[in-house]
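A short worksheet on the structure shown next.
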Amino acid sequence: MASEFVTIGELVRFTDFRYSTLKFYPEEGMLPFTQAEENLTRRSTREETVARIHFIKELRASGLSIQ
């Protein structure tokens, strides 16, 4: 069974977005994440985050910028 949470590395494999892009989006408030205290790994909820990334991809395809 897959975990409810994913790391940025796993999101790279699921979405074909670059690691640097998926690190930037949470910093800009575009993707939610939680940070595990023991090793400071950023984790995101799988379903919500993948859905948001696909939505961002659609917005970018329609010509909208990050701003």
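Residue numbering restarts at 1 in every chain; chains get A, B, ... in the order shown in the structure tokens, and ligands count up from 1 in that same order.
Backbone DSSP over chain A gives strand (DSSP E or B) for A:Phe5, A:Val6, A:Thr7, A:Thr34, A:Gln35, A:Arg42, A:Arg43, A:Ser44, A:Thr45.
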Give me every helix (DSSP H, G or I) residue in chain A, going by DSSP on the backbone, as a PDB file with N, CA and C atoms, in the first residue's frame.
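Just written: selection-v3.pdb:
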ATOM      1  N   ILE A   8       9.615  15.117  -2.203  1.00  0.00           N
ATOM      2  CA  ILE A   8       9.835  15.822  -3.467  1.00  0.00           C
ATOM      3  C   ILE A   8      10.400  14.863  -4.506  1.00  0.00           C
ATOM      4  N   GLY A   9      11.313  13.997  -4.095  1.00  0.00           N
ATOM      5  CA  GLY A   9      11.895  13.023  -5.027  1.00  0.00           C
ATOM      6  C   GLY A   9      10.846  12.125  -5.655  1.00  0.00           C
ATOM      7  N   GLU A  10       9.887  11.687  -4.849  1.00  0.00           N
ATOM      8  CA  GLU A  10       8.809  10.846  -5.389  1.00  0.00           C
ATOM      9  C   GLU A  10       7.929  11.655  -6.339  1.00  0.00           C
ATOM     10  N   LEU A  11       7.674  12.911  -6.008  1.00  0.00           N
ATOM     11  CA  LEU A  11       6.858  13.761  -6.887  1.00  0.00           C
ATOM     12  C   LEU A  11       7.530  13.974  -8.238  1.00  0.00           C
ATOM     13  N   VAL A  12       8.856  14.060  -8.248  1.00  0.00           N
ATOM     14  CA  VAL A  12       9.584  14.193  -9.511  1.00  0.00           C
ATOM     15  C   VAL A  12       9.255  13.000 -10.411  1.00  0.00           C
ATOM     16  N   ARG A  13       9.270  11.799  -9.843  1.00  0.00           N
ATOM     17  CA  ARG A  13       8.978  10.585 -10.628  1.00  0.00           C
ATOM     18  C   ARG A  13       7.517  10.543 -11.082  1.00  0.00           C
ATOM     19  N   PHE A  14       6.588  11.006 -10.237  1.00  0.00           N
ATOM     20  CA  PHE A  14       5.156  10.951 -10.568  1.00  0.00           C
ATOM     21  C   PHE A  14       4.743  11.989 -11.607  1.00  0.00           C
ATOM     22  N   THR A  15       5.423  13.140 -11.626  1.00  0.00           N
ATOM     23  CA  THR A  15       4.923  14.276 -12.398  1.00  0.00           C
ATOM     24  C   THR A  15       5.816  14.733 -13.536  1.00  0.00           C
ATOM     25  N   TYR A  19      13.213  18.619  -9.958  1.00  0.00           N
ATOM     26  CA  TYR A  19      13.346  18.705  -8.499  1.00  0.00           C
ATOM     27  C   TYR A  19      13.348  20.168  -8.059  1.00  0.00           C
ATOM     28  N   SER A  20      14.106  21.012  -8.746  1.00  0.00           N
ATOM     29  CA  SER A  20      14.201  22.427  -8.357  1.00  0.00           C
ATOM     30  C   SER A  20      12.845  23.128  -8.445  1.00  0.00           C
ATOM     31  N   THR A  21      12.034  22.760  -9.421  1.00  0.00           N
ATOM     32  CA  THR A  21      10.698  23.345  -9.564  1.00  0.00           C
ATOM     33  C   THR A  21       9.817  22.925  -8.396  1.00  0.00           C
ATOM     34  N   LEU A  22       9.864  21.638  -8.038  1.00  0.00           N
ATOM     35  CA  LEU A  22       9.022  21.140  -6.957  1.00  0.00           C
ATOM     36  C   LEU A  22       9.525  21.589  -5.589  1.00  0.00           C
ATOM     37  N   LYS A  23      10.728  22.064  -5.513  1.00  0.00           N
ATOM     38  CA  LYS A  23      11.229  22.660  -4.276  1.00  0.00           C
ATOM     39  C   LYS A  23      10.808  24.137  -4.204  1.00  0.00           C
ATOM     40  N   PHE A  24      10.720  24.786  -5.360  1.00  0.00           N
ATOM     41  CA  PHE A  24      10.345  26.199  -5.455  1.00  0.00           C
ATOM     42  C   PHE A  24       8.860  26.419  -5.147  1.00  0.00           C
ATOM     43  N   TYR A  25       7.992  25.567  -5.686  1.00  0.00           N
ATOM     44  CA  TYR A  25       6.551  25.764  -5.527  1.00  0.00           C
ATOM     45  C   TYR A  25       6.097  25.857  -4.067  1.00  0.00           C
ATOM     46  N   PRO A  26       6.545  24.988  -3.175  1.00  0.00           N
ATOM     47  CA  PRO A  26       6.137  25.135  -1.763  1.00  0.00           C
ATOM     48  C   PRO A  26       6.651  26.437  -1.138  1.00  0.00           C
ATOM     49  N   GLU A  27       7.841  26.862  -1.540  1.00  0.00           N
ATOM     50  CA  GLU A  27       8.402  28.108  -1.020  1.00  0.00           C
ATOM     51  C   GLU A  27       7.556  29.308  -1.435  1.00  0.00           C
ATOM     52  N   ARG A  46      -0.142  12.908  -0.942  1.00  0.00           N
ATOM     53  CA  ARG A  46      -0.033  12.391  -2.309  1.00  0.00           C
ATOM     54  C   ARG A  46      -1.122  12.924  -3.234  1.00  0.00           C
ATOM     55  N   GLU A  47      -2.385  12.644  -2.919  1.00  0.00           N
ATOM     56  CA  GLU A  47      -3.476  12.985  -3.845  1.00  0.00           C
ATOM     57  C   GLU A  47      -3.601  14.480  -4.073  1.00  0.00           C
ATOM     58  N   GLU A  48      -3.622  15.253  -2.992  1.00  0.00           N
ATOM     59  CA  GLU A  48      -3.798  16.703  -3.117  1.00  0.00           C
ATOM     60  C   GLU A  48      -2.652  17.341  -3.892  1.00  0.00           C
ATOM     61  N   THR A  49      -1.441  16.931  -3.587  1.00  0.00           N
ATOM     62  CA  THR A  49      -0.283  17.555  -4.223  1.00  0.00           C
ATOM     63  C   THR A  49      -0.191  17.201  -5.701  1.00  0.00           C
ATOM     64  N   VAL A  50      -0.405  15.951  -6.050  1.00  0.00           N
ATOM     65  CA  VAL A  50      -0.366  15.561  -7.463  1.00  0.00           C
ATOM     66  C   VAL A  50      -1.470  16.286  -8.233  1.00  0.00           C
ATOM     67  N   ALA A  51      -2.660  16.419  -7.650  1.00  0.00           N
ATOM     68  CA  ALA A  51      -3.755  17.151  -8.306  1.00  0.00           C
ATOM     69  C   ALA A  51      -3.369  18.620  -8.513  1.00  0.00           C
ATOM     70  N   ARG A  52      -2.747  19.230  -7.505  1.00  0.00           N
ATOM     71  CA  ARG A  52      -2.321  20.635  -7.646  1.00  0.00           C
ATOM     72  C   ARG A  52      -1.254  20.801  -8.712  1.00  0.00           C
ATOM     73  N   ILE A  53      -0.329  19.856  -8.765  1.00  0.00           N
ATOM     74  CA  ILE A  53       0.725  19.937  -9.776  1.00  0.00           C
ATOM     75  C   ILE A  53       0.124  19.843 -11.172  1.00  0.00           C
ATOM     76  N   HIS A  54      -0.832  18.962 -11.372  1.00  0.00           N
ATOM     77  CA  HIS A  54      -1.498  18.871 -12.680  1.00  0.00           C
ATOM     78  C   HIS A  54      -2.247  20.158 -12.998  1.00  0.00           C
ATOM     79  N   PHE A  55      -2.865  20.777 -11.997  1.00  0.00           N
ATOM     80  CA  PHE A  55      -3.553  22.050 -12.196  1.00  0.00           C
ATOM     81  C   PHE A  55      -2.548  23.142 -12.575  1.00  0.00           C
ATOM     82  N   ILE A  56      -1.421  23.196 -11.887  1.00  0.00           N
ATOM     83  CA  ILE A  56      -0.377  24.174 -12.214  1.00  0.00           C
ATOM     84  C   ILE A  56       0.123  23.948 -13.630  1.00  0.00           C
ATOM     85  N   LYS A  57       0.283  22.679 -14.015  1.00  0.00           N
ATOM     86  CA  LYS A  57       0.733  22.339 -15.371  1.00  0.00           C
ATOM     87  C   LYS A  57      -0.264  22.865 -16.413  1.00  0.00           C
ATOM     88  N   GLU A  58      -1.557  22.719 -16.138  1.00  0.00           N
ATOM     89  CA  GLU A  58      -2.592  23.234 -17.044  1.00  0.00           C
ATOM     90  C   GLU A  58      -2.534  24.753 -17.149  1.00  0.00           C
ATOM     91  N   LEU A  59      -2.357  25.420 -16.003  1.00  0.00           N
ATOM     92  CA  LEU A  59      -2.264  26.878 -16.011  1.00  0.00           C
ATOM     93  C   LEU A  59      -1.051  27.352 -16.823  1.00  0.00           C
ATOM     94  N   ARG A  60       0.068  26.674 -16.626  1.00  0.00           N
ATOM     95  CA  ARG A  60       1.279  27.037 -17.385  1.00  0.00           C
ATOM     96  C   ARG A  60       1.071  26.809 -18.874  1.00  0.00           C
ATOM     97  N   ALA A  61       0.387  25.718 -19.240  1.00  0.00           N
ATOM     98  CA  ALA A  61       0.132  25.404 -20.640  1.00  0.00           C
ATOM     99  C   ALA A  61      -0.776  26.460 -21.279  1.00  0.00           C
TER     100      ALA A  61
END
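Separating CA of Arg42 (chain A) from CA of Phe17 (chain A) is a distance of 16.5 Å.
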Between A:Pro32, A:Asp16, A:Ser65, A:Ser3, single out the one closest to Ser44 (chain A), counting only C-alpha atoms. A:Pro32
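Here CA of Glu28 (chain A) and CA of Ile66 (chain A) stand 9.0 Å from one another.
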